[in-house]
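To keep things clear, I will list the structure first and then write my remarks on it.
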2 protein chains.
Amino acid sequence: MSEQKKKLVEAITPINEDFTQWYTDVCLKAELVDYSTVKGCMILRPYGYAIWENITHILDGMFKATGHENVAMPIFIPESLLQKEKDHVEGFAPEVAWVTYGGTEKLEERMCVRPTSETLFCDHFAHVLHSWRDLPMKYNQWCSVVRWEKTTRPFLRSREFWWQEGHTIHETAEEAKQETEQQLNTYADFCENYLMIPVVKGKKTDKEKFAGAEATYTIEAMMHDGKALQSGTSHYFGDGFSRAFNVQFTGRDNTLQYPHQTSWGVSTRLIGAIIMTHGDDEGLILPPAIAPFQVVIVPVAAHKPGVTEKAEELAARVSKFARVKLDNSDNSPGWKFSQWEMKGVPLRLEIGPKDIEKNQCVLVRRDTREKYFVSLDDLETEIPRLLNELAQNIYNRALENRENRTWSATTMDEVKELAEKNNGYIKTMWCGDLACEEKMKEEVGLSSRCMPFEQEHISDVCPCCGKPANLMVYWGKAY
Amino acid sequence: MSEQKKKLVEAITPINEDFTQWYTDVCLKAELVDYSTVKGCMILRPYGYAIWENITHILDGMFKATGHENVAMPIFIPESLLQKEKDHVEGFAPEVAWVTYGGTEKLEERMCVRPTSETLFCDHFAHVLHSWRDLPMKYNQWCSVVRWEKTTRPFLRSREFWWQEGHTIHETAEEAKQETEQQLNTYADFCENYLMIPVVKGKKTDKEKFAGAEATYTIEAMMHDGKALQSGTSHYFGDGFSRAFNVQFTGRDNTLQYPHQTSWGVSTRLIGAIIMTHGDDEGLILPPAIAPFQVVIVPVAAHKPGVTEKAEELAARVSKFARVKLDNSDNSPGWKFSQWEMKGVPLRLEIGPKDIEKNQCVLVRRDTREKYFVSLDDLETEIPRLLNELAQNIYNRALENRENRTWSATTMDEVKELAEKNNGYIKTMWCGDLACEEKMKEEVGLSSRCMPFEQEHISDVCPCCGKPANLMVYWGKAY
């Protein structure tokens with residue numbers, strides 16, 4: 001047995017014993033990533049990249065269906081360009097990588113590797129925007145960005161990560177606000193209906209919003225351990241960047257005007273969300289929509305006559321309606337079962353001599369590990385049905401976990417008691433003061449996740465200061 | 001009329017008057033790129049990016065069909081990693097961008113932004129390769145890379161460009177050589193059958209090969225002005241990098257062995273090749289396979305009853321078998337004709353009240369500007385037929401240009417006379433000495449393009465030194 005195999009069959013850390021170690025084990029043993037000698041940067045291995053590819057294809061289709069176009073902006077931002085918007089540079093300058101030499105020559109002006117590209121898009125908009133007829137410009141870019149993080153973890157926080165960043169400009173504030181909302185809804189739709197991850201939609205507090213934005217909207221997902229993961233954000237900028245970068249157009253009334261702007265992004269972080277929402281002690285569980293393989297076929301007693309041929313025939317048949325992998329390697333069936341469970345393939349199809357005799361196969365669901373004896377005549381209906389059931393079930397489990405871990409509180413004592421007992425969302429009213437938000441962090445270790453769109457009335461006062469409060473906030477620990 | 005429109009309808013520089021200026025005009029006026037304030041970097045605008053997207057989709061399918069998997073490597077290379085292979089670092093160190101600071105902290109070791117990723121792939125291979133059973137590893141990456149060029153031109157030479165880089169390791173030298181050849185053939189197939197650009201396949205001389213490679217193979221295309229464009233390369237490394245990076249595996253005989261390696265790449269340069277091979281005085285001419293829109297529908301007398309409705313109906317119909325754009329903007333038909341000709345859309349479909357009466361439309365081919373009156377009953381057959389004819393015609397024109405500009409020579413006087421008269425390929429024998437290759441550059445300004453796989457016997461001696469020579473080389477001026 002090779003080194004690699006030995007590593008794989010060693011059990012991973014149990015999920016409820018040490019969630020952090022479990023997560024790292026799954027990332028490595030499902031062969032999603034490799035650490036690189038480039039400190040804080042990760043390598044997306046073929047299996048991890050295939051998941052990202054599936055995510056990008058679906059989202060790209062959604063963006064295009066709503067009239068967005070892809071572009072590619074430069075990888076570098078000259079320092080003077082980064083500095084044009086005051087809040088933005090304050091937020092990002094401390095965490096960028098600086099290029100100071102080109103070959104052997106020192107640069108006259110240093111440039112950072114983009115941490116996000118608002119400044120580059122604005123610079124371009126100023127170039128190409130002329131009249132209200134050119135609006136809206138609805139652009140998106142697929143790329144990697146760099147942020148100089150101190151502590152890093154695969155998918156969740158790394159110095160380089162892959163993402164998409166949408167950047168749009170509009171004639172009116174109203175239209176830009178609609179775009180911000182539409183894109184947040186697209187992200188929520190994608191998470192809930194493709195990744196099977198329930199999310200809470202809401203607005204970030206001023207403390208938590210994007211550097212330079214007027215408003216930041218977020219989708220927050222809850223992980224298996226009750227911690228929150230900010231999974232996508234959509235920002236409304238008003239005309240702040242437009243003014244800073246002198247982006248102007250001739251309006252319908254022939255006056256020069258500043259367009260209103262949005263940006264929005266999701267990243268490879270979503271893969272972290274998938275792992276931590278759906279995984280179990282056997283490893284990854286992948287939502288069918290983004291699984292590189294939806295079905296893995298494992299021949300049993302493959303040396304017996306006719307088994308390999310039948311497995312190949314089934315693979316060809318299944319490939320017409322699902323992404324399928326035939327594992328005809330010389331490993332034992334038991335070893336294959338573990339390997340593909342670790343990799344989270346939604347359905348396993350086992351086929352052996354006895355099954356062939358009975359014109360049946362065994363289908364095993366990854367989420368429940370339930371076995372189904374299915375007639376070979378029914379694969380075209382049974383496989384899609386079981387994939388759908390699995391998808392619905394992992395969504396329901398995630399939703400149940402979130403419901404079991406969401407509590408209301410009206411006093412700081414209650415908040416503290418709940419937070420000490422378990423991770424989860426704690427809902428309270430909030431007066432809107434930064435001081436109370438900071439107190440919640442210092443005293444209880446909770447950050448505001450969002451002010452959800454679906455507001456509830458829990459009490460009349462802020463539990464921190466006792467002043468009247470009519471905003472309801474979700475608090476939690478976050479990745 | 002807005003500024004942007006004014007710029008567009010100004011005539012571009014005639015192609016045979018100033019080819020360089022014509023090229024720049026087309027890049028900008030067809031809205032493929034924008035210059036950015038980041039010196040030497042380009043912006044791919046939606047139309048340019050859409051071409052690149054179509055290129056990547058086709059190539060990605062070809063790579064996957066031959067068993068390659070996509071991955072993502074880090075964007076940075078620590079200096080010590082870049083230095084591990086001696087020839088490689090000598091070739092690339094002078095032209096890389098160096099990151100020296102992360103936030104406010106000076107890095108202990110500086111890192112460059114990848115100019116190419118052999119070193120990163122080797123580092124990863126050393127991590128994940130164990131046994132011969134893990135081989136071959138056939139990886140590909142879509143990304144941008146940075147090379148600190150002094151003079152830049154859109155698509156042809158810029159500090160950042162987008163590309164794919166394939167990196168594979170194999171058990172035997174034989175298998176790696178086959179991979180190198182297969183990928184070169186894939187590139188040639190793609191250029192000839194999708195981009196409709198004829199190419200010469202051959203081997204680079206030692207002087208022109210990739211830094212660190214044992215052998216570099218190339219496809220060379222000839223542009224409208226007779227200059228050559230290296231359009232794709234495939235490298236065979238032997239086990240040089242494996243040894244430098246200590247990449248090893250346990251062989252079938254249980255001994256530790258070094259795998260044999262390849263890499264291969266094409267880039268956004270291909271868009272430069274498309275422009276300079278097929279374009280004309282009206283602008284771009286796009287091969288149908290990669291055109292963002294294969295057909296543009298322009299309603300004529302759109303204010304007349306029924307015209308807009310008919311145009312919309314036709315757009316819906318054509319969208320079932322071709323990428324179609326309905327231009328229902330309020331510009332004049334004449335202005336639309338120029339705009340879409342500039343953008344190189346292969347077919348224009350005009351529909352007006354008289355056409356509707358006769359149950360016909362007008363189709364206009366971009367390459368010949370010929371008009372076809374086509375019954376509306378025949379669109380499903382006539383549009384694909386005309387697209388095919390256009391594709392074949394632009395290929396033939398490019399081939400004819402190359403044939404008209406390819407000459408043989410047996411003496412230096414002949415070479416000089418030919419080179420002074422015109423740009424093109426000059427075929428001569430070559431003794432294999434670097435001195436003669438350098439002389440050809442210094443005295444005649446020609447570089448060796450390749451030693452073509454299809455060798456010819458032109459004479460018995462090298463025209464430079466008079467020594468016996470049995471290698472035939474294509475010489476030319478190159479972008």
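Ligands are numbered from 1 in the order shown, residues from 1 within each chain, and chains are lettered A, B, ... in the order they appear in the structure tokens.
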
- Select all residues from chain A having any atom no more than 6 Å from an atom of chain B (counting only C-alpha atoms, ignoring ligands), output as a ChimeraX atom specification. /A:43-46,49,69-73,94-99,101-103,148

Inset, instruction - Would you list the contacts of Ile351 (chain A) as a PyMOL selection string, taking every protein, DNA or RNA residue within 12 Å and counting only C-alpha atoms, but skipping same-chain residues closer than 5 positions in sequence? - result: chain A and resi 296-302+304+306-315+326-328+333+356-364+373-376

* Can you list, as a ChimeraX atom specification, every protein, DNA or RNA residue that comes within 8 Å of region 262-270 of chain B when you count only C-alpha atoms, leaving out same-chain residues fewer than 2 positions away? -> /B:52,118,155-157,161-169,176-177,179-180,183-184,187,231-238,260,272-274

The distance between CA of Trp475 (chain A) and CA of Ser448 (chain A) is 4.5 Å

- Using DSSP on the backbone coordinates, identify all residues within region 152-353 of chain A classified as alpha helix (DSSP H); present the result as a ChimeraX atom specification. /A:173-193,240-245,269-278,307-318,333-342,353

Can you tell me which residues surround region 421-425 of chain B at a distance of at most 10 Å, considering only C-alpha atoms, apart from same-chain residues fewer than 3 positions away, and format the answer as number ranges by chain?
B: 222-228, 401-408, 416-418, 428, 446, 448-449, 473-478

Output for the residues just chosen: N, CA, C and O atoms as an mmCIF file, in the first residue's frame:
data_model
loop_
_atom_site.group_PDB
_atom_site.id
_atom_site.type_symbol
_atom_site.label_atom_id
_atom_site.label_comp_id
_atom_site.auth_asym_id
_atom_site.auth_seq_id
_atom_site.Cartn_x
_atom_site.Cartn_y
_atom_site.Cartn_z
ATOM 1 N N MET B 222 1.503 33.141 -39.754
ATOM 2 C CA MET B 222 1.958 34.332 -40.459
ATOM 3 C C MET B 222 0.848 35.368 -40.518
ATOM 4 O O MET B 222 -0.278 35.079 -40.908
ATOM 5 N N MET B 223 1.199 36.577 -40.111
ATOM 6 C CA MET B 223 0.221 37.658 -40.069
ATOM 7 C C MET B 223 0.068 38.296 -41.457
ATOM 8 O O MET B 223 0.872 38.055 -42.348
ATOM 9 N N HIS B 224 -0.937 39.157 -41.596
ATOM 10 C CA HIS B 224 -1.228 39.834 -42.861
ATOM 11 C C HIS B 224 0.004 40.538 -43.444
ATOM 12 O O HIS B 224 0.197 40.574 -44.656
ATOM 13 N N ASP B 225 0.846 41.097 -42.565
ATOM 14 C CA ASP B 225 2.004 41.863 -43.041
ATOM 15 C C ASP B 225 3.238 40.993 -43.252
ATOM 16 O O ASP B 225 4.322 41.522 -43.516
ATOM 17 N N GLY B 226 3.099 39.681 -43.151
ATOM 18 C CA GLY B 226 4.222 38.791 -43.421
ATOM 19 C C GLY B 226 5.116 38.514 -42.229
ATOM 20 O O GLY B 226 6.073 37.744 -42.330
ATOM 21 N N LYS B 227 4.805 39.141 -41.083
ATOM 22 C CA LYS B 227 5.587 38.829 -39.895
ATOM 23 C C LYS B 227 5.003 37.605 -39.199
ATOM 24 O O LYS B 227 3.814 37.296 -39.332
ATOM 25 N N ALA B 228 5.876 36.894 -38.482
ATOM 26 C CA ALA B 228 5.449 35.644 -37.829
ATOM 27 C C ALA B 228 4.980 35.919 -36.411
ATOM 28 O O ALA B 228 5.428 36.864 -35.771
ATOM 29 N N ASN B 401 -1.827 33.999 -48.454
ATOM 30 C CA ASN B 401 -0.871 35.031 -48.036
ATOM 31 C C ASN B 401 0.451 34.388 -47.626
ATOM 32 O O ASN B 401 1.528 34.846 -48.015
ATOM 33 N N ARG B 402 0.357 33.297 -46.856
ATOM 34 C CA ARG B 402 1.585 32.640 -46.409
ATOM 35 C C ARG B 402 2.344 32.056 -47.589
ATOM 36 O O ARG B 402 3.563 32.184 -47.691
ATOM 37 N N GLU B 403 1.625 31.425 -48.514
ATOM 38 C CA GLU B 403 2.308 30.822 -49.662
ATOM 39 C C GLU B 403 2.975 31.886 -50.526
ATOM 40 O O GLU B 403 4.083 31.686 -51.027
ATOM 41 N N ASN B 404 2.294 33.023 -50.679
ATOM 42 C CA ASN B 404 2.862 34.107 -51.473
ATOM 43 C C ASN B 404 4.077 34.756 -50.819
ATOM 44 O O ASN B 404 4.806 35.491 -51.463
ATOM 45 N N ARG B 405 4.236 34.502 -49.538
ATOM 46 C CA ARG B 405 5.313 35.160 -48.797
ATOM 47 C C ARG B 405 6.325 34.161 -48.260
ATOM 48 O O ARG B 405 6.988 34.439 -47.262
ATOM 49 N N THR B 406 6.404 33.009 -48.857
ATOM 50 C CA THR B 406 7.391 32.016 -48.427
ATOM 51 C C THR B 406 8.356 31.742 -49.578
ATOM 52 O O THR B 406 7.932 31.435 -50.699
ATOM 53 N N TRP B 407 9.634 31.940 -49.291
ATOM 54 C CA TRP B 407 10.660 31.786 -50.327
ATOM 55 C C TRP B 407 11.783 30.888 -49.837
ATOM 56 O O TRP B 407 12.019 30.790 -48.635
ATOM 57 N N SER B 408 12.503 30.288 -50.779
ATOM 58 C CA SER B 408 13.702 29.528 -50.443
ATOM 59 C C SER B 408 14.918 30.342 -50.838
ATOM 60 O O SER B 408 14.863 31.129 -51.788
ATOM 61 N N LYS B 416 19.331 38.207 -48.050
ATOM 62 C CA LYS B 416 19.256 39.657 -47.837
ATOM 63 C C LYS B 416 18.324 40.330 -48.826
ATOM 64 O O LYS B 416 17.530 41.195 -48.465
ATOM 65 N N GLU B 417 18.416 39.929 -50.070
ATOM 66 C CA GLU B 417 17.580 40.525 -51.113
ATOM 67 C C GLU B 417 16.097 40.275 -50.820
ATOM 68 O O GLU B 417 15.275 41.186 -50.895
ATOM 69 N N LEU B 418 15.786 39.031 -50.464
ATOM 70 C CA LEU B 418 14.395 38.680 -50.161
ATOM 71 C C LEU B 418 13.889 39.438 -48.932
ATOM 72 O O LEU B 418 12.795 39.991 -48.936
ATOM 73 N N THR B 428 15.893 28.243 -45.433
ATOM 74 C CA THR B 428 17.260 27.897 -45.841
ATOM 75 C C THR B 428 17.697 26.645 -45.085
ATOM 76 O O THR B 428 17.073 26.258 -44.098
ATOM 77 N N LEU B 446 16.688 38.676 -39.126
ATOM 78 C CA LEU B 446 15.740 37.558 -39.085
ATOM 79 C C LEU B 446 16.048 36.631 -37.915
ATOM 80 O O LEU B 446 17.212 36.379 -37.591
ATOM 81 N N SER B 448 15.231 32.696 -36.208
ATOM 82 C CA SER B 448 14.752 31.379 -36.643
ATOM 83 C C SER B 448 13.362 31.195 -36.064
ATOM 84 O O SER B 448 13.156 31.355 -34.864
ATOM 85 N N ARG B 449 12.392 30.905 -36.899
ATOM 86 C CA ARG B 449 11.038 30.662 -36.390
ATOM 87 C C ARG B 449 10.913 29.223 -35.907
ATOM 88 O O ARG B 449 10.407 28.974 -34.834
ATOM 89 N N VAL B 473 15.428 25.429 -41.963
ATOM 90 C CA VAL B 473 14.870 26.369 -40.990
ATOM 91 C C VAL B 473 13.986 27.406 -41.685
ATOM 92 O O VAL B 473 14.280 27.824 -42.809
ATOM 93 N N TYR B 474 12.895 27.803 -41.023
ATOM 94 C CA TYR B 474 12.126 28.980 -41.449
ATOM 95 C C TYR B 474 12.683 30.181 -40.696
ATOM 96 O O TYR B 474 12.728 30.174 -39.463
ATOM 97 N N TRP B 475 13.064 31.227 -41.425
ATOM 98 C CA TRP B 475 13.501 32.481 -40.822
ATOM 99 C C TRP B 475 12.443 33.551 -41.067
ATOM 100 O O TRP B 475 11.765 33.519 -42.090
ATOM 101 N N GLY B 476 12.358 34.492 -40.161
ATOM 102 C CA GLY B 476 11.400 35.572 -40.393
ATOM 103 C C GLY B 476 11.530 36.658 -39.351
ATOM 104 O O GLY B 476 12.291 36.538 -38.384
ATOM 105 N N LYS B 477 10.783 37.739 -39.578
ATOM 106 C CA LYS B 477 10.641 38.745 -38.530
ATOM 107 C C LYS B 477 9.432 38.340 -37.697
ATOM 108 O O LYS B 477 8.460 37.818 -38.241
ATOM 109 N N ALA B 478 9.514 38.598 -36.410
ATOM 110 C CA ALA B 478 8.446 38.086 -35.548
ATOM 111 C C ALA B 478 7.924 39.153 -34.605
ATOM 112 O O ALA B 478 8.625 40.099 -34.263
#
